[in-house]
Each structure stands twice: as C-alpha cells, then as structure tokens.
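Next up, my_file_23.tsv (TSV, C-alpha atoms):
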chain	number	residue	atom	x	y	z
L	26	MET	CA	39.87	12.13	1.14
L	27	PRO	CA	39.18	8.60	-0.18
L	28	SER	CA	41.95	7.61	-2.57
L	29	SER	CA	39.50	7.05	-5.44
L	30	ARG	CA	37.94	10.52	-5.20
L	31	HIS	CA	39.24	13.06	-7.71
L	32	ARG	CA	42.40	10.98	-8.14
L	33	ASN	CA	43.54	12.67	-11.35
L	34	THR	CA	43.02	16.13	-9.87
L	35	ARG	CA	45.13	15.27	-6.82
L	36	ASP	CA	47.90	13.84	-9.02
L	37	VAL	CA	47.98	16.84	-11.35
L	38	LEU	CA	48.09	19.30	-8.46
L	39	SER	CA	50.97	17.45	-6.80
L	40	ALA	CA	53.17	18.16	-9.84
L	41	ARG	CA	52.58	21.92	-9.99
L	42	PRO	CA	55.59	23.00	-7.88
L	43	LEU	CA	58.08	21.09	-10.06
L	44	ALA	CA	58.34	23.96	-12.55
L	45	ILE	CA	59.92	26.31	-9.99
L	46	ALA	CA	61.22	23.92	-7.31
L	47	ALA	CA	64.97	24.02	-8.14
L	48	ASP	CA	66.70	21.89	-5.46
L	49	THR	CA	63.69	21.73	-3.11
L	50	PRO	CA	62.42	18.11	-2.88
L	51	VAL	CA	58.89	17.63	-4.24
L	52	ILE	CA	56.71	14.57	-3.70
L	53	SER	CA	55.06	14.46	-7.12
L	54	SER	CA	52.93	12.13	-9.17
L	55	ALA	CA	55.08	10.42	-11.79
L	56	GLY	CA	52.68	11.84	-14.35
L	57	GLY	CA	54.31	15.21	-13.76
L	58	THR	CA	57.89	13.97	-14.15
L	59	GLU	CA	57.54	12.72	-17.73
L	60	PRO	CA	60.96	13.39	-19.37
L	61	ASN	CA	59.60	15.36	-22.35
L	62	LEU	CA	57.65	17.57	-19.97
L	63	LEU	CA	60.64	18.25	-17.72
L	64	ALA	CA	62.71	19.05	-20.82
L	65	ALA	CA	60.08	21.52	-22.03
L	66	LEU	CA	60.06	23.24	-18.64
L	67	ALA	CA	63.85	23.46	-18.64
L	68	ASP	CA	63.92	24.72	-22.26
L	69	GLY	CA	61.72	27.60	-21.14
L	70	GLY	CA	64.35	28.57	-18.60
L	71	LEU	CA	62.43	27.52	-15.50
L	72	PRO	CA	64.26	26.31	-12.37
L	73	VAL	CA	62.87	22.78	-12.68
L	74	GLY	CA	62.93	20.57	-9.61
L	75	THR	CA	66.06	18.43	-9.39
L	76	ASP	CA	64.74	16.19	-6.58
L	77	PRO	CA	61.31	14.90	-7.68
L	78	ARG	CA	60.15	12.02	-5.46
L	79	GLU	CA	57.73	10.15	-7.68
L	80	PHE	CA	54.69	8.12	-6.78
L	81	ARG	CA	52.56	6.08	-9.16
L	82	THR	CA	50.11	4.64	-6.64
L	83	GLU	CA	48.59	5.53	-3.27
L	84	ALA	CA	50.96	3.06	-1.63
L	85	GLU	CA	53.99	4.72	-3.26
L	86	PHE	CA	52.79	8.12	-2.07
L	87	ALA	CA	52.87	6.88	1.52
L	88	VAL	CA	56.36	5.46	0.95
L	89	ARG	CA	57.65	8.78	-0.41
L	90	VAL	CA	56.26	10.63	2.63
L	91	THR	CA	57.83	8.13	5.01
L	92	GLU	CA	61.18	8.44	3.21
L	93	ALA	CA	61.09	12.24	3.41
L	94	LEU	CA	60.38	12.12	7.12
L	95	SER	CA	63.20	9.62	7.67
L	96	ASP	CA	65.51	12.05	5.84
L	97	GLY	CA	64.71	14.62	8.51
L	98	LEU	CA	62.73	16.87	6.16
L	99	ARG	CA	59.72	18.95	7.17
L	100	LEU	CA	56.78	18.74	4.84
L	101	SER	CA	54.46	21.43	3.55
L	102	MET	CA	51.12	19.96	2.48
L	103	GLU	CA	48.85	21.70	0.01
L	104	TYR	CA	45.86	19.51	0.95
L	105	PRO	CA	45.04	17.77	4.26
L	106	GLN	CA	46.81	14.46	4.74
L	107	PRO	CA	46.18	11.82	7.44
L	108	THR	CA	48.09	12.65	10.62
L	109	ALA	CA	48.96	8.95	10.98
L	110	LEU	CA	51.08	9.34	7.84
L	111	TYR	CA	51.98	12.98	8.18
L	112	PRO	CA	52.48	14.03	11.86
L	113	ASP	CA	51.79	17.68	12.62
L	114	GLU	CA	55.12	18.20	14.38
L	115	ARG	CA	56.92	17.47	11.09
L	116	SER	CA	54.66	19.73	9.02
L	117	VAL	CA	55.05	23.39	8.15
L	118	LYS	CA	51.33	23.74	8.84
L	119	SER	CA	48.94	21.22	10.37
L	120	ALA	CA	46.44	19.15	8.39
L	121	GLU	CA	43.65	20.52	10.57
L	122	LEU	CA	44.63	24.11	9.76
L	123	VAL	CA	44.99	23.45	6.01
L	124	GLY	CA	41.59	21.77	5.91
L	125	TYR	CA	39.89	24.45	7.99
L	126	LEU	CA	41.25	27.35	5.96
L	127	ASN	CA	40.05	25.78	2.71
L	128	ASN	CA	36.64	24.75	4.02
L	129	LYS	CA	33.95	26.73	2.18
L	130	ALA	CA	32.17	27.30	5.49
L	131	SER	CA	35.17	28.99	7.13
L	132	ILE	CA	35.17	32.18	5.08
L	133	SER	CA	33.01	34.02	7.61
L	134	THR	CA	35.69	33.65	10.31
L	135	PHE	CA	38.39	35.33	8.22
L	136	VAL	CA	36.55	37.95	6.14
L	137	ASP	CA	35.17	41.28	7.34
L	138	PRO	CA	31.34	41.08	7.20
L	139	ARG	CA	31.11	43.99	4.72
L	140	PHE	CA	32.94	41.87	2.10
L	141	GLN	CA	30.94	38.69	2.66
L	142	ALA	CA	28.32	37.36	0.29
L	143	ARG	CA	25.09	36.20	1.92
L	144	ARG	CA	25.53	32.53	2.77
L	145	GLN	CA	24.28	29.96	5.23
L	146	ILE	CA	25.34	26.51	6.38
L	147	VAL	CA	22.52	24.07	5.68
L	148	ALA	CA	21.97	20.43	6.57
L	149	VAL	CA	21.68	18.34	3.42
L	150	ASP	CA	18.21	17.09	4.37
L	151	GLU	CA	17.04	20.74	4.51
L	152	LEU	CA	18.54	21.67	1.15
L	153	ALA	CA	15.29	21.64	-0.81
L	154	GLU	CA	13.88	24.43	1.34
L	155	ALA	CA	17.09	26.50	1.39
L	156	ALA	CA	17.82	26.16	-2.34
L	157	PRO	CA	14.53	26.20	-4.29
L	158	VAL	CA	14.46	25.59	-8.03
L	159	GLU	CA	12.81	28.96	-8.76
L	160	LYS	CA	15.76	30.94	-7.33
L	161	SER	CA	19.42	31.27	-8.33
L	162	TRP	CA	22.01	30.10	-5.79
L	163	VAL	CA	25.47	28.64	-5.38
L	164	LEU	CA	26.14	25.40	-3.53
L	165	LYS	CA	29.53	24.71	-1.92
L	166	ALA	CA	30.88	21.72	-0.03
L	167	ALA	CA	31.47	22.39	3.68
L	168	THR	CA	34.34	19.98	4.32
L	169	ASN	CA	37.95	20.08	5.47
L	170	ALA	CA	38.86	17.55	2.76
L	171	ALA	CA	39.63	20.45	0.39
L	172	HIS	CA	41.05	19.50	-3.00
L	173	GLY	CA	40.53	22.45	-5.32
L	174	ALA	CA	39.75	22.49	-9.05
L	175	SER	CA	36.23	23.93	-8.50
L	176	LEU	CA	34.92	20.40	-7.96
L	177	ASP	CA	33.05	21.31	-4.79
L	178	VAL	CA	31.04	24.21	-6.24
L	179	TYR	CA	27.68	24.01	-8.02
L	180	LEU	CA	25.87	26.96	-9.61
L	181	HIS	CA	22.10	26.94	-10.11
L	182	ARG	CA	20.19	29.46	-12.23
L	183	ALA	CA	16.56	30.16	-11.45
L	184	GLY	CA	14.14	27.86	-13.24
L	185	GLU	CA	16.70	25.39	-14.52
L	186	PRO	CA	16.57	21.73	-13.46
L	187	VAL	CA	18.49	20.95	-10.27
L	188	THR	CA	21.06	18.18	-10.53
L	189	LEU	CA	22.74	18.02	-7.16
L	190	PRO	CA	26.47	17.29	-7.22
L	191	ALA	CA	27.97	14.11	-5.78
L	192	PHE	CA	29.25	15.85	-2.65
L	193	THR	CA	25.68	16.18	-1.36
L	194	ASP	CA	25.57	12.37	-1.10
L	195	VAL	CA	28.56	12.17	1.25
L	196	LEU	CA	28.29	15.33	3.37
L	197	THR	CA	25.86	16.23	6.12
L	198	GLU	CA	26.26	20.01	5.69
L	199	VAL	CA	26.73	22.32	2.72
L	200	VAL	CA	26.99	26.07	2.14
L	201	VAL	CA	24.24	27.84	0.21
L	202	GLU	CA	25.42	31.21	-1.09
L	203	GLU	CA	23.69	33.99	-2.98
L	204	TYR	CA	24.11	34.02	-6.76
L	205	LEU	CA	26.06	37.14	-7.70
L	206	HIS	CA	26.02	38.98	-11.02
L	207	ILE	CA	29.75	39.57	-11.36
L	208	HIS	CA	31.23	42.47	-13.32
L	209	ARG	CA	34.90	41.91	-12.45
L	210	ASN	CA	36.60	38.85	-11.00
L	211	TRP	CA	40.08	38.98	-9.48
L	212	GLY	CA	42.54	36.48	-8.04
L	213	ILE	CA	44.73	38.05	-5.36
L	214	GLN	CA	47.96	36.07	-5.18
L	215	LEU	CA	49.71	36.31	-1.81
L	216	TYR	CA	52.20	34.36	0.25
L	217	VAL	CA	53.17	33.98	3.88
L	218	ALA	CA	56.91	33.50	4.34
L	219	ALA	CA	58.70	31.89	7.29
L	220	ASP	CA	58.62	35.19	9.18
L	221	GLY	CA	54.82	34.97	9.39
L	222	ARG	CA	54.16	38.13	7.40
L	223	ALA	CA	51.60	38.14	4.57
L	224	ARG	CA	52.82	39.72	1.32
L	225	LEU	CA	51.22	40.49	-2.03
L	226	LEU	CA	52.62	38.70	-5.06
L	227	ALA	CA	50.27	40.06	-7.75
L	228	VAL	CA	46.67	40.75	-8.74
L	229	THR	CA	45.23	38.82	-11.68
L	230	ASP	CA	42.00	38.85	-13.63
L	231	GLN	CA	40.22	35.49	-13.70
L	232	ARG	CA	38.56	33.96	-16.74
L	233	ILE	CA	35.43	32.06	-15.72
L	234	ASP	CA	33.28	29.90	-18.01
L	235	ALA	CA	29.48	29.83	-18.19
L	236	ASP	CA	29.37	27.30	-15.33
L	237	GLY	CA	31.47	29.50	-13.08
L	238	VAL	CA	34.58	27.32	-13.36
L	239	TYR	CA	38.03	28.92	-13.52
L	240	THR	CA	39.56	28.53	-17.00
L	241	GLY	CA	42.71	30.63	-16.65
L	242	GLY	CA	44.08	33.96	-15.55
L	243	ARG	CA	45.10	37.24	-17.12
L	244	PHE	CA	48.38	38.69	-15.90
L	245	GLY	CA	49.67	42.21	-16.52
L	246	LEU	CA	47.48	45.20	-17.48
L	247	VAL	CA	44.94	43.99	-14.92
L	248	VAL	CA	41.98	46.18	-13.97
L	249	PRO	CA	43.10	47.76	-10.67
L	250	LEU	CA	41.71	46.30	-7.47
L	251	PRO	CA	39.88	48.82	-5.23
L	252	ALA	CA	42.21	49.86	-2.40
L	253	ASP	CA	39.90	48.80	0.44
L	254	LEU	CA	39.44	45.34	-1.09
L	255	LEU	CA	43.20	44.90	-1.48
L	256	THR	CA	43.67	45.97	2.14
L	257	GLU	CA	41.13	43.35	3.23
L	258	CYS	CA	42.87	40.62	1.19
L	259	LEU	CA	46.18	41.34	2.90
L	260	ALA	CA	44.40	41.33	6.26
L	261	ILE	CA	42.79	37.95	5.52
L	262	ALA	CA	46.14	36.41	4.64
L	263	GLN	CA	47.66	37.90	7.79
L	264	ARG	CA	44.84	36.47	9.92
L	265	ALA	CA	45.66	33.03	8.50
L	266	ALA	CA	49.37	33.63	9.09
L	267	ASP	CA	48.67	34.54	12.72
L	268	VAL	CA	47.08	31.11	13.33
L	269	GLY	CA	50.00	29.29	11.73
L	270	TYR	CA	49.61	29.24	7.96
L	271	ARG	CA	52.73	29.42	5.79
L	272	GLY	CA	52.83	29.24	1.99
L	273	MET	CA	50.99	30.50	-1.09
L	274	CYS	CA	47.37	31.59	-1.14
L	275	SER	CA	44.95	32.98	-3.71
L	276	LEU	CA	41.86	34.91	-2.67
L	277	ASP	CA	39.03	35.07	-5.19
L	278	CYS	CA	37.07	38.30	-5.05
L	279	ALA	CA	34.72	40.24	-7.28
L	280	GLN	CA	32.84	43.42	-8.00
L	281	THR	CA	29.17	42.98	-8.87
L	282	TYR	CA	27.31	45.04	-11.44
L	283	ASP	CA	25.67	46.99	-8.61
L	284	GLY	CA	29.09	47.92	-7.20
L	285	ARG	CA	29.40	45.50	-4.27
L	286	LEU	CA	32.87	44.18	-3.39
L	287	VAL	CA	32.74	40.54	-2.31
L	288	MET	CA	35.16	37.79	-1.26
L	289	LEU	CA	34.17	34.60	-3.07
L	290	ASP	CA	36.72	31.97	-2.00
L	291	LEU	CA	39.84	31.57	0.12
L	292	ASN	CA	42.35	29.19	-1.46
L	293	PHE	CA	45.20	28.56	0.95
L	294	ARG	CA	47.39	26.50	-1.37
L	295	ILE	CA	49.35	26.73	-4.61
L	296	THR	CA	46.83	27.50	-7.35
L	297	SER	CA	46.64	27.79	-11.13
L	298	GLY	CA	47.54	31.45	-10.75
L	299	SER	CA	50.55	30.92	-8.49
L	300	ILE	CA	52.91	29.01	-10.75
L	301	PRO	CA	52.71	31.31	-13.84
L	302	LEU	CA	53.41	34.32	-11.62
L	303	LEU	CA	56.33	32.64	-9.88
L	304	ALA	CA	57.65	31.56	-13.29
L	305	LEU	CA	57.51	35.12	-14.62
L	306	HIS	CA	59.10	36.51	-11.47
L	307	THR	CA	61.93	34.01	-11.90
L	308	ILE	CA	62.74	34.14	-15.61
L	309	ARG	CA	60.74	36.93	-17.30
L	310	PRO	CA	60.23	39.79	-14.81
L	311	ASP	CA	60.02	42.11	-17.82
L	312	ALA	CA	56.79	40.34	-18.82
L	313	LEU	CA	55.01	40.86	-15.50
L	314	ASP	CA	53.52	44.17	-16.60
L	315	ARG	CA	52.74	43.01	-20.13
L	316	PRO	CA	49.68	41.08	-21.33
L	317	SER	CA	49.73	37.36	-20.57
L	318	GLU	CA	47.14	34.65	-20.09
L	319	SER	CA	47.28	31.13	-18.68
L	320	THR	CA	45.42	28.10	-19.99
L	321	LYS	CA	45.59	24.33	-20.11
L	322	LEU	CA	45.21	21.75	-22.86
L	323	THR	CA	43.86	18.26	-22.21
L	324	THR	CA	43.96	15.30	-24.57
L	325	THR	CA	43.76	11.50	-24.62
L	326	ALA	CA	47.07	11.44	-26.51
L	327	SER	CA	50.36	11.15	-24.64
L	328	ILE	CA	52.04	14.22	-23.22
L	329	ALA	CA	54.96	13.60	-25.59
L	330	ALA	CA	52.58	13.87	-28.55
L	331	LEU	CA	50.93	16.97	-27.10
L	332	LEU	CA	54.29	18.69	-26.60
L	333	ALA	CA	55.40	17.72	-30.11
L	334	ALA	CA	52.29	19.38	-31.52
L	335	LEU	CA	53.08	22.50	-29.50
L	336	ARG	CA	56.74	22.67	-30.57
L	337	PRO	CA	56.23	25.10	-33.51
L	338	ALA	CA	54.34	27.53	-31.26
L	339	LEU	CA	56.98	27.22	-28.54
L	340	GLN	CA	59.72	27.93	-31.07
L	341	ARG	CA	57.93	31.09	-32.26
L	342	GLY	CA	58.14	32.46	-28.73
L	343	GLY	CA	55.64	34.10	-26.41
L	344	LEU	CA	54.62	30.72	-25.01
L	345	LEU	CA	55.85	28.98	-21.89
L	346	VAL	CA	55.08	25.50	-20.55
L	347	THR	CA	54.51	25.80	-16.80
L	348	GLY	CA	53.47	22.24	-15.92
L	349	GLY	CA	51.60	19.16	-16.93
L	350	HIS	CA	50.68	15.56	-16.22
L	351	ASP	CA	50.22	12.24	-18.03
L	352	THR	CA	48.17	9.53	-16.31
L	353	ARG	CA	49.97	6.82	-18.34
L	354	ARG	CA	52.78	7.05	-15.82
L	355	THR	CA	50.45	6.22	-12.91
L	356	ASP	CA	48.04	3.39	-12.10
L	357	ASN	CA	45.09	5.58	-13.12
L	358	PRO	CA	43.06	3.66	-15.74
L	359	ILE	CA	41.93	6.90	-17.44
L	360	LYS	CA	44.39	7.89	-20.17
L	361	GLN	CA	44.73	11.66	-20.17
L	362	ALA	CA	47.47	14.23	-20.62
L	363	THR	CA	47.38	17.86	-19.53
L	364	VAL	CA	49.76	20.73	-20.26
L	365	HIS	CA	49.62	24.11	-18.51
L	366	LEU	CA	50.71	27.08	-20.63
L	367	LEU	CA	51.37	30.79	-20.31
L	368	VAL	CA	50.84	32.93	-23.43
L	369	PHE	CA	52.48	36.37	-23.35
L	370	GLY	CA	53.22	39.28	-25.68
L	371	ASP	CA	52.79	43.03	-26.15
L	372	ASP	CA	49.21	43.25	-27.41
L	373	PRO	CA	46.34	41.91	-25.24
L	374	ASP	CA	44.12	41.08	-28.21
L	375	GLU	CA	46.93	39.16	-29.93
L	376	VAL	CA	47.67	37.24	-26.73
L	377	ALA	CA	43.99	36.36	-26.30
L	378	THR	CA	43.76	35.25	-29.95
L	379	ARG	CA	46.78	32.94	-29.62
L	380	ARG	CA	45.45	31.51	-26.36
L	381	ALA	CA	42.04	30.83	-27.92
L	382	ALA	CA	43.68	29.19	-30.96
L	383	LEU	CA	45.64	26.83	-28.69
L	384	GLU	CA	42.50	25.90	-26.77
L	385	ALA	CA	40.63	25.27	-30.00
L	386	MET	CA	43.20	22.62	-30.95
L	387	TYR	CA	41.87	20.43	-28.18
L	388	LYS	CA	38.42	21.96	-27.64
L	389	ASN	CA	39.51	22.88	-24.11
Would you mind writing the structure in this file as structure tokens?
Amino acid sequence: MPSSRHRNTRDVLSARPLAIAADTPVISSAGGTEPNLLAALADGGLPVGTDPREFRTEAEFAVRVTEALSDGLRLSMEYPQPTALYPDERSVKSAELVGYLNNKASISTFVDPRFQARRQIVAVDELAEAAPVEKSWVLKAATNAAHGASLDVYLHRAGEPVTLPAFTDVLTEVVVEEYLHIHRNWGIQLYVAADGRARLLAVTDQRIDADGVYTGGRFGLVVPLPADLLTECLAIAQRAADVGYRGMCSLDCAQTYDGRLVMLDLNFRITSGSIPLLALHTIRPDALDRPSESTKLTTTASIAALLAALRPALQRGGLLVTGGHDTRRTDNPIKQATVHLLVFGDDPDEVATRRAALEAMYKN
C-alpha cells in the first residue's frame, strides 16, 4: 500500500510478535522496541524478542528486509509487500497469496455457501444503486492491499446519512454485504504449522462497539461454538493451508438473532486475539480457562508515562502488558502511544469492571 496510508496502523502491527518472539528475528517499528515497553513485557514473564530489527522510516524498513535476506533468512509477511523488495522464493508465503486470502471479496472461495452472508462485488460507480440510504448494509474494501484494524469496513444503518469511506475513492470495486443482527460474535484462532496442517488454538468472544469495530476479546469461559461452525472454520484454514498458507489466522464468525451461523471475515495474519492467547499458553496456561479480556489504551503522552501510570495496577496482579507502540520513536509526525493489555482473574464481572476502569482512564 502507499507508505502514507494507515502508517501508524502498519507500524503498530509490526511490533505485535515481539512479546512472544524469543530468539526469532522480528522486523519491527522502533515504536514497539521502546525500552520501558520491552521491560514491562519481560517483567510479565513473556519470552520477549531478543533480535528486534528496528525501522523508523520506510527507507529503514527496506534496509532491514534486505539485511535479513542477505543473512539467509526466510521471511514471513503478515501483509503483502512488494515482490521487488521481498521475493516470493524467500518468503514463507507469497505476497499474492497473503493479499488474496485477506481480500474481503475472497471469502466466497473459501467458505461453504451455507455459512456465507449475502454479499456482492459492486463497481464503485454503481454503489448508489447497490447500497441505498433507506436500507442497512455493510461496505468492505475489495483489495489485496490488506492491512487490518477494521479500516476497510463501513457499516450503514437504514435512514442514516451515508458518508462513504476513503477507500471508495481509490478502488474500482467494493463488497456490499447484508447487515446482520448479531447475537453472538466469535473469533476462531487457528494456526497452520510447517507441516501444512490447520490446528485450533482457541475460541474467543469478540467485543464490538456500536460502529462494528473490534475493541477486544474475551478469553476463557467463552460461549461454546456450534460444532458444525467449528468444523467449517478448521476446513477453511485447511483450504488456505492447501494453497500454501503458513502462520496464524483468526476467523470472525457469528450467530444472528434468528439462529443463522455466518462467517464474517477471514484474517490470515497475527491479530489482536493471537498474541494474548499465545502469551497465556506460554506463561499462564492455568489462566486459559479463566475469565480474561484484552484491551488497548491510547494516549498522546509517551509510552513511558503510560506505563508509569499503569504500574500500580500491574503490581496488584491480574494484568499483563502484551505489546505497544510509541510514534515518537519513528518519523511519524503524529504523537501517540498505545499499550495492549490482558486483564485476567477468577470472576468475569470483576475482570470486566477492571478492564472498563482502565479504558476509562484514557477514554478508549
């Protein structure tokens, strides 16, 4: 994607694996290698990456990739990168495959029709007819330049004014999907190992705000996923594995109030739900079946100041830092710090209360 588009999102996402990387090299934005942040991750017992390869600019990112290739390393991209920089023969999975799997228009080729929501691919100049103001609908970007963070999804409720998102100005096609009245919303966390077999990591509940944007997950004591939907999720991941995908994936699915089971999104990459689960598997397996919730805090203060404010809560226990980012360590002119947290305990209401109190500190 153009270097200026969603720059902060791309930088933040690049730092996610550091929390559980151990001695695996990670090409990460320098915003995610801030010393106070790395210390907080280590204090929580996480196997923090010992070989972070920092970049502060787009040019430095290219240098880090070139250095890794010259070291003889193979690279595993989470988002499509230019093949001129990142040749397919040195990649765990190709840029074309990564882009295709994450394209909102590709879901119909991997999901059994009985689990598909009604959707159509529409030319942008025909959007007014396909997505009228008097009806509810969901608009998704149909592009291989996938980048996550719910930035390519727009929800419209019947009768409300339509303010088309920026992606309709740069794309020729979009996906128009039916608006679903969702009763339960799950994130199915899976992975495909080197042997090409898809495996289940965990099922999580997803917290979604009024605009349909993911705000965190619930782990442990999750409402069970219907068996046929779980079977389909494993089959979807295996279909991707069979065409060459390796790595983490999270499949968003739901049950509507009228009982339909629907696949909403296929996220073939490390997601907000992946790292907390991997962290718990690594250092707190006893907490996997207990109530826990993930969240993030964002502030214009430095990440050092944010972590200092969190220190009393961290010392009380039941709180784990799983990642973060500070734009002050990059060339991004926007000053912003983000910390990702996992709140856990024995009582679900108490966990939810503590999570909400943390979010209220920064009006997250």
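For the set L:Tyr111, L:Tyr104, L:Phe369, L:Tyr204, the residue with the smallest atom-to-atom gap to Val90 in chain L is L:Tyr111, counting all atoms listed in the file.
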Residues around (38.4, 35.0, -6.0), cut-off 10 Å, counting only C-alpha atoms - what are they as a VMD selection string?
chain L and resid 210 to 214 229 to 231 239 275 to 279 287 to 292
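Counting from CA of Ala47 in chain L, the distance to CA of Leu63 in chain L is 12.0 Å.
Candidate residues L:Gly269, L:Pro190, L:Gly56, L:Pro310 were compared for distance to Ala166 in chain L, and the nearest is L:Pro190, using all atoms listed in the file.
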As JSON, please report the centre and edge lengths, rounded to one decimal in Å, of the axis-aligned box that holds all listed atoms of range 276-287 of chain L with 4 Å of padding on each of the six sides.
{"center_x": 33.8, "center_y": 41.4, "center_z": -6.9, "size_x": 24.2, "size_y": 21.0, "size_z": 17.1}
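Minimum atom-to-atom distances from L:Ala130, L:Leu366, L:Leu313, L:Ala329 to Ser297 in chain L were compared using all atoms listed in the file, and the lowest value belongs to L:Leu366.
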Taking the point (39.6, 45.9, -7.9) as given in the file, collect each protein or nucleic acid residue that comes within 8 Å of it, counting all atoms listed in the file, and present the set as a short mmCIF file (atom, residue, chain, number, x, y, z; two decimals) with C-alpha atoms, keeping the file's coordinate frame.
data_model
loop_
_atom_site.label_atom_id
_atom_site.label_comp_id
_atom_site.auth_asym_id
_atom_site.auth_seq_id
_atom_site.Cartn_x
_atom_site.Cartn_y
_atom_site.Cartn_z
CA ARG L 209 34.90 41.91 -12.45
CA TRP L 211 40.08 38.98 -9.48
CA VAL L 248 41.98 46.18 -13.97
CA PRO L 249 43.10 47.76 -10.67
CA LEU L 250 41.71 46.30 -7.47
CA PRO L 251 39.88 48.82 -5.23
CA ALA L 252 42.21 49.86 -2.40
CA LEU L 254 39.44 45.34 -1.09
CA LEU L 255 43.20 44.90 -1.48
CA ALA L 279 34.72 40.24 -7.28
CA GLN L 280 32.84 43.42 -8.00
#
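Candidate residues L:Glu83, L:Glu384, L:Glu154, L:Asp234 were compared for distance to Leu335 in chain L, and the nearest is L:Glu384, using all atoms listed in the file.
Of note, CA of Ile295 in chain L and CA of Leu345 in chain L are spaced 18.6 Å apart.
A straight line drawn from CA of Leu164 in chain L to CA of Leu189 in chain L is 8.9 Å long.
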May I ask which of the residues L:Leu215, L:Ala362, L:Val136, L:Leu226 is the closest one to Gly272 in chain L, counting all atoms listed in the file?
L:Leu215
Best match for closeness to Lys118 in chain L among L:Arg35, L:Phe293, L:Thr240, L:Arg264, counting only C-alpha atoms
L:Phe293
